[in-house]
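Accompanying notes for the structure given below.
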Amino acid sequence: MDNRKTKKSFKSGFVSIVGRPNVGKSTLLNHIVGHKIAIMSNKPQTTRNKITAVHTTEEGQIIFLDTPGIHKPQSKLGNYMVSVAENTLNEVDLVLFVVDATEKRGAGDDYIIERLKQVKTPVFLVINKIDKVHPEALLPIIDDYRKQYDFKQIVPISALQGNNTGALTEAIMGEMEEGPMFYPADQVTDHPERFVVAELIREKVLHLTREEVPHSIAVVVEEMKRGENGKTLYIYAAIYVERDSQRGILIGQKGQMLKEIGRRARIDIERLMGDQVFLELWIKVKKDWRNQERMLRNFGFYDEE
């Protein structure tokens, strides 16, 4: 008699996270993965690329695609962001449609629901920010969305506080089929270090500036190298803006704003890399870069239309 234990099958699959801007998609992704992969900000349209994050357990591996918030685009960059989000719907095994419990269903949500009706991919409705509403307010929200679309599951969570995110992860894994381990167990993203570093720097600008500045910036890491001692990481990055006035805002009085951006970014980069970091930032002006396809390509954006 064979007393050996039957080896448990390994599951894997791809999951897209979609939703209107500022509903907490990146916060959810970072919480599940346990690392800061997607930048978090209280400003809409923070995510500009598909952010691939990997969650691996003994049971399986889930590859998440955090997409830009679907919105009415105002520039070529906006067109790119929306096309990235919509194109993932047919590429994955499951879609998480994230909505904000504190806001009524609006035109943006309805637009996404209509897009979801055009694909065969199963969809979970994830109602985020439940920590900000009374529990009795959830039932009308669930009923309202249930009338709009036949969701595979509806899961209320608080991505910020981690409420019910474990149950969400388990539900997602339950939808995955047997498959290979696409990434090593200790890998949390497929983006190169330069991309993540640039995102961390951009996050600090989003936190420290307001009005038109946050959406007018792009960050390019022009050089990353280790010092002779092998322990210090030297990073040289440029922050691009569209106008001279924005350049002045980012530099600040006596350079204080740029210093603070650099200080905060360096702390996060050191935490991520585990090394001492020397970070040098400077500001460059490229007029109306968000509407110039050549500049979008140079900054890592690609027009998929």
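Within each chain, counting starts at residue 1; across the structure tokens, chains are named A, B, ... in the order shown, with ligands numbered 1 upward in that order.
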
(message) Report as a PyMOL selection string all protein, DNA and RNA residues lying within 12 Å of Thr169 (chain A), evaluated on only C-alpha atoms, omitting residues in the same chain fewer than 3 positions from it.
(response) chain A and resi 15+28-29+31-33+55-57+59-64+96+124+126+155+157+159+162-166+172-176

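In this structure, CA of Asn90 (chain A) sits 11.5 Å away from CA of Lys117 (chain A).
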
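Among A:Asp268, A:Glu242, A:Lys132, A:Arg247, the residue with the shortest atom-to-atom distance to Glu199 (chain A), counting only C-alpha atoms, is A:Asp268.
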
(request) Do a neighbour search on Lys286 (chain A) at 9 Å with only C-alpha atoms, toss out local chain neighbours closer than 4 positions, and write the hits as a list in words. (result) Tyr240, Val241, Glu242, Arg243 and Met295 of chain A

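All residues of region 135-274 of chain A that DSSP, run on the backbone, classes as strand (DSSP E or B) are Gln153, Ile154, Val155, Pro156, Ser158, Asn163, Glu177, Glu178, Thr189, Ala218, Val219, Val220, Val221, Glu222, Glu223, Met224, Lys225, Arg226, Thr232, Leu233, Tyr234, Ile235, Tyr236, Ala237, Ala238, Ile239, Tyr240 and Val241 of chain A.
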
Any chance you can output those residues with N, CA, C and O atoms as a JSON list (two decimals), in the first residue's frame?
[["chain", "number", "residue", "atom", "x", "y", "z"],
["A", 153, "GLN", "N", -18.85, 36.96, -7.62],
["A", 153, "GLN", "CA", -18.91, 37.15, -6.17],
["A", 153, "GLN", "C", -18.89, 38.64, -5.87],
["A", 153, "GLN", "O", -18.38, 39.44, -6.67],
["A", 154, "ILE", "N", -19.42, 39.00, -4.71],
["A", 154, "ILE", "CA", -19.36, 40.38, -4.23],
["A", 154, "ILE", "C", -18.67, 40.36, -2.87],
["A", 154, "ILE", "O", -19.14, 39.68, -1.94],
["A", 155, "VAL", "N", -17.56, 41.09, -2.75],
["A", 155, "VAL", "CA", -16.75, 41.04, -1.53],
["A", 155, "VAL", "C", -16.51, 42.47, -1.01],
["A", 155, "VAL", "O", -15.81, 43.25, -1.64],
["A", 156, "PRO", "N", -17.09, 42.83, 0.14],
["A", 156, "PRO", "CA", -16.83, 44.14, 0.76],
["A", 156, "PRO", "C", -15.49, 44.09, 1.51],
["A", 156, "PRO", "O", -15.22, 43.12, 2.24],
["A", 158, "SER", "N", -11.94, 46.65, 3.25],
["A", 158, "SER", "CA", -11.22, 47.91, 3.46],
["A", 158, "SER", "C", -9.77, 47.63, 3.13],
["A", 158, "SER", "O", -9.06, 46.98, 3.89],
["A", 163, "ASN", "N", -9.34, 44.95, 6.16],
["A", 163, "ASN", "CA", -10.55, 44.22, 6.53],
["A", 163, "ASN", "C", -11.05, 43.34, 5.37],
["A", 163, "ASN", "O", -11.31, 43.85, 4.28],
["A", 177, "GLU", "N", -7.35, 27.93, -11.72],
["A", 177, "GLU", "CA", -7.24, 26.54, -12.12],
["A", 177, "GLU", "C", -5.80, 26.06, -11.93],
["A", 177, "GLU", "O", -4.88, 26.86, -11.73],
["A", 178, "GLU", "N", -5.61, 24.76, -12.01],
["A", 178, "GLU", "CA", -4.27, 24.20, -11.88],
["A", 178, "GLU", "C", -3.37, 24.79, -12.96],
["A", 178, "GLU", "O", -3.74, 24.89, -14.13],
["A", 189, "THR", "N", 7.20, 41.42, -8.31],
["A", 189, "THR", "CA", 6.84, 42.21, -9.49],
["A", 189, "THR", "C", 7.76, 41.85, -10.64],
["A", 189, "THR", "O", 8.87, 41.34, -10.42],
["A", 218, "ALA", "N", 6.54, 63.43, -15.17],
["A", 218, "ALA", "CA", 7.03, 62.09, -15.49],
["A", 218, "ALA", "C", 8.41, 61.98, -14.87],
["A", 218, "ALA", "O", 9.16, 62.97, -14.79],
["A", 219, "VAL", "N", 8.76, 60.81, -14.39],
["A", 219, "VAL", "CA", 10.06, 60.60, -13.75],
["A", 219, "VAL", "C", 10.85, 59.57, -14.56],
["A", 219, "VAL", "O", 10.34, 58.50, -14.87],
["A", 220, "VAL", "N", 12.08, 59.93, -14.88],
["A", 220, "VAL", "CA", 12.97, 59.03, -15.61],
["A", 220, "VAL", "C", 14.24, 58.83, -14.80],
["A", 220, "VAL", "O", 14.93, 59.79, -14.47],
["A", 221, "VAL", "N", 14.52, 57.58, -14.43],
["A", 221, "VAL", "CA", 15.78, 57.27, -13.75],
["A", 221, "VAL", "C", 16.86, 57.14, -14.83],
["A", 221, "VAL", "O", 16.85, 56.19, -15.61],
["A", 222, "GLU", "N", 17.75, 58.09, -14.88],
["A", 222, "GLU", "CA", 18.73, 58.13, -15.96],
["A", 222, "GLU", "C", 19.97, 57.30, -15.67],
["A", 222, "GLU", "O", 20.66, 56.86, -16.59],
["A", 223, "GLU", "N", 20.23, 57.06, -14.39],
["A", 223, "GLU", "CA", 21.40, 56.23, -14.05],
["A", 223, "GLU", "C", 21.20, 55.61, -12.66],
["A", 223, "GLU", "O", 20.75, 56.28, -11.74],
["A", 224, "MET", "N", 21.51, 54.33, -12.55],
["A", 224, "MET", "CA", 21.55, 53.64, -11.27],
["A", 224, "MET", "C", 22.82, 52.80, -11.24],
["A", 224, "MET", "O", 23.05, 51.98, -12.11],
["A", 225, "LYS", "N", 23.65, 53.04, -10.24],
["A", 225, "LYS", "CA", 24.90, 52.27, -10.17],
["A", 225, "LYS", "C", 25.32, 52.11, -8.71],
["A", 225, "LYS", "O", 24.95, 52.91, -7.85],
["A", 226, "ARG", "N", 26.07, 51.09, -8.45],
["A", 226, "ARG", "CA", 26.58, 50.84, -7.10],
["A", 226, "ARG", "C", 27.96, 51.44, -6.95],
["A", 226, "ARG", "O", 28.76, 51.44, -7.89],
["A", 232, "THR", "N", 26.48, 51.20, -1.38],
["A", 232, "THR", "CA", 25.75, 52.43, -1.67],
["A", 232, "THR", "C", 25.24, 52.40, -3.11],
["A", 232, "THR", "O", 25.98, 52.09, -4.04],
["A", 233, "LEU", "N", 23.95, 52.72, -3.25],
["A", 233, "LEU", "CA", 23.32, 52.77, -4.57],
["A", 233, "LEU", "C", 23.16, 54.23, -4.97],
["A", 233, "LEU", "O", 22.53, 55.02, -4.27],
["A", 234, "TYR", "N", 23.77, 54.59, -6.10],
["A", 234, "TYR", "CA", 23.70, 55.96, -6.60],
["A", 234, "TYR", "C", 22.62, 56.05, -7.69],
["A", 234, "TYR", "O", 22.67, 55.31, -8.67],
["A", 235, "ILE", "N", 21.65, 56.93, -7.46],
["A", 235, "ILE", "CA", 20.53, 57.07, -8.38],
["A", 235, "ILE", "C", 20.43, 58.52, -8.84],
["A", 235, "ILE", "O", 20.41, 59.44, -8.02],
["A", 236, "TYR", "N", 20.38, 58.70, -10.15],
["A", 236, "TYR", "CA", 20.24, 60.02, -10.74],
["A", 236, "TYR", "C", 18.95, 60.03, -11.56],
["A", 236, "TYR", "O", 18.81, 59.24, -12.51],
["A", 237, "ALA", "N", 17.99, 60.88, -11.19],
["A", 237, "ALA", "CA", 16.68, 60.86, -11.83],
["A", 237, "ALA", "C", 16.23, 62.26, -12.21],
["A", 237, "ALA", "O", 16.52, 63.24, -11.51],
["A", 238, "ALA", "N", 15.52, 62.35, -13.33],
["A", 238, "ALA", "CA", 14.97, 63.62, -13.79],
["A", 238, "ALA", "C", 13.46, 63.61, -13.64],
["A", 238, "ALA", "O", 12.80, 62.61, -13.96],
["A", 239, "ILE", "N", 12.92, 64.70, -13.13],
["A", 239, "ILE", "CA", 11.47, 64.89, -13.05],
["A", 239, "ILE", "C", 11.08, 65.87, -14.15],
["A", 239, "ILE", "O", 11.50, 67.02, -14.16],
["A", 240, "TYR", "N", 10.29, 65.39, -15.11],
["A", 240, "TYR", "CA", 9.86, 66.22, -16.22],
["A", 240, "TYR", "C", 8.53, 66.88, -15.92],
["A", 240, "TYR", "O", 7.61, 66.25, -15.38],
["A", 241, "VAL", "N", 8.42, 68.18, -16.27],
["A", 241, "VAL", "CA", 7.17, 68.92, -16.15],
["A", 241, "VAL", "C", 6.88, 69.58, -17.48],
["A", 241, "VAL", "O", 7.69, 69.55, -18.41]]

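Closest to Pro122 (chain A) among A:Gln253, A:Gln187, A:Asn87, A:Ser16 is A:Ser16, based on only C-alpha atoms.
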
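Minimum atom-to-atom distances from A:Glu170, A:Glu91, A:Asp100, A:Glu193 to Ile130 (chain A) were compared using only C-alpha atoms, and the lowest value belongs to A:Asp100.
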
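For the residues A:Gly19, A:Gly230, A:Pro184, A:Pro140, ranking by smallest atom-to-atom distance to Arg115 (chain A) using only C-alpha atoms places A:Gly19 first.
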
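Atom pair CA of Thr88 (chain A) / CA of Leu65 (chain A): separated by 8.0 Å.
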
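Here CA of Val92 (chain A) and CA of Phe14 (chain A) stand 4.9 Å from one another.
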
(request) Find the residues near Pro135 (chain A): any atom within 12 Å, counting only C-alpha atoms, skip ones fewer than 6 places away on the same chain, and give them as a PyMOL selection string. (result) chain A and resi 101-102+129+141-142+156-157

File dump, residues just selected, N, CA and C atoms, as a PDB file, in the first residue's frame:
ATOM      1  N   ALA A 101     -17.273  52.485  -1.582  1.00  0.00           N
ATOM      2  CA  ALA A 101     -18.518  52.393  -0.814  1.00  0.00           C
ATOM      3  C   ALA A 101     -19.047  53.763  -0.406  1.00  0.00           C
ATOM      4  N   THR A 102     -18.194  54.774  -0.408  1.00  0.00           N
ATOM      5  CA  THR A 102     -18.623  56.100   0.039  1.00  0.00           C
ATOM      6  C   THR A 102     -19.221  56.935  -1.087  1.00  0.00           C
ATOM      7  N   LYS A 129     -13.436  50.490   0.981  1.00  0.00           N
ATOM      8  CA  LYS A 129     -13.623  51.585   1.943  1.00  0.00           C
ATOM      9  C   LYS A 129     -14.845  51.368   2.839  1.00  0.00           C
ATOM     10  N   ILE A 141     -26.048  49.150  -1.455  1.00  0.00           N
ATOM     11  CA  ILE A 141     -24.989  49.220  -2.468  1.00  0.00           C
ATOM     12  C   ILE A 141     -24.888  47.896  -3.212  1.00  0.00           C
ATOM     13  N   ILE A 142     -24.881  46.799  -2.445  1.00  0.00           N
ATOM     14  CA  ILE A 142     -24.801  45.465  -3.047  1.00  0.00           C
ATOM     15  C   ILE A 142     -25.992  45.212  -3.953  1.00  0.00           C
ATOM     16  N   PRO A 156     -17.095  42.833   0.139  1.00  0.00           N
ATOM     17  CA  PRO A 156     -16.825  44.141   0.756  1.00  0.00           C
ATOM     18  C   PRO A 156     -15.486  44.087   1.515  1.00  0.00           C
ATOM     19  N   ILE A 157     -14.662  45.119   1.359  1.00  0.00           N
ATOM     20  CA  ILE A 157     -13.353  45.147   2.021  1.00  0.00           C
ATOM     21  C   ILE A 157     -12.983  46.565   2.446  1.00  0.00           C
TER      22      ILE A 157
END

(message) To test your reading of the structure, identify every residue in region 200-300 of chain A that backbone DSSP assigns to alpha helix (DSSP H), and report it as a ChimeraX atom specification.
(response) /A:200-208,244-251,256-273,293-298
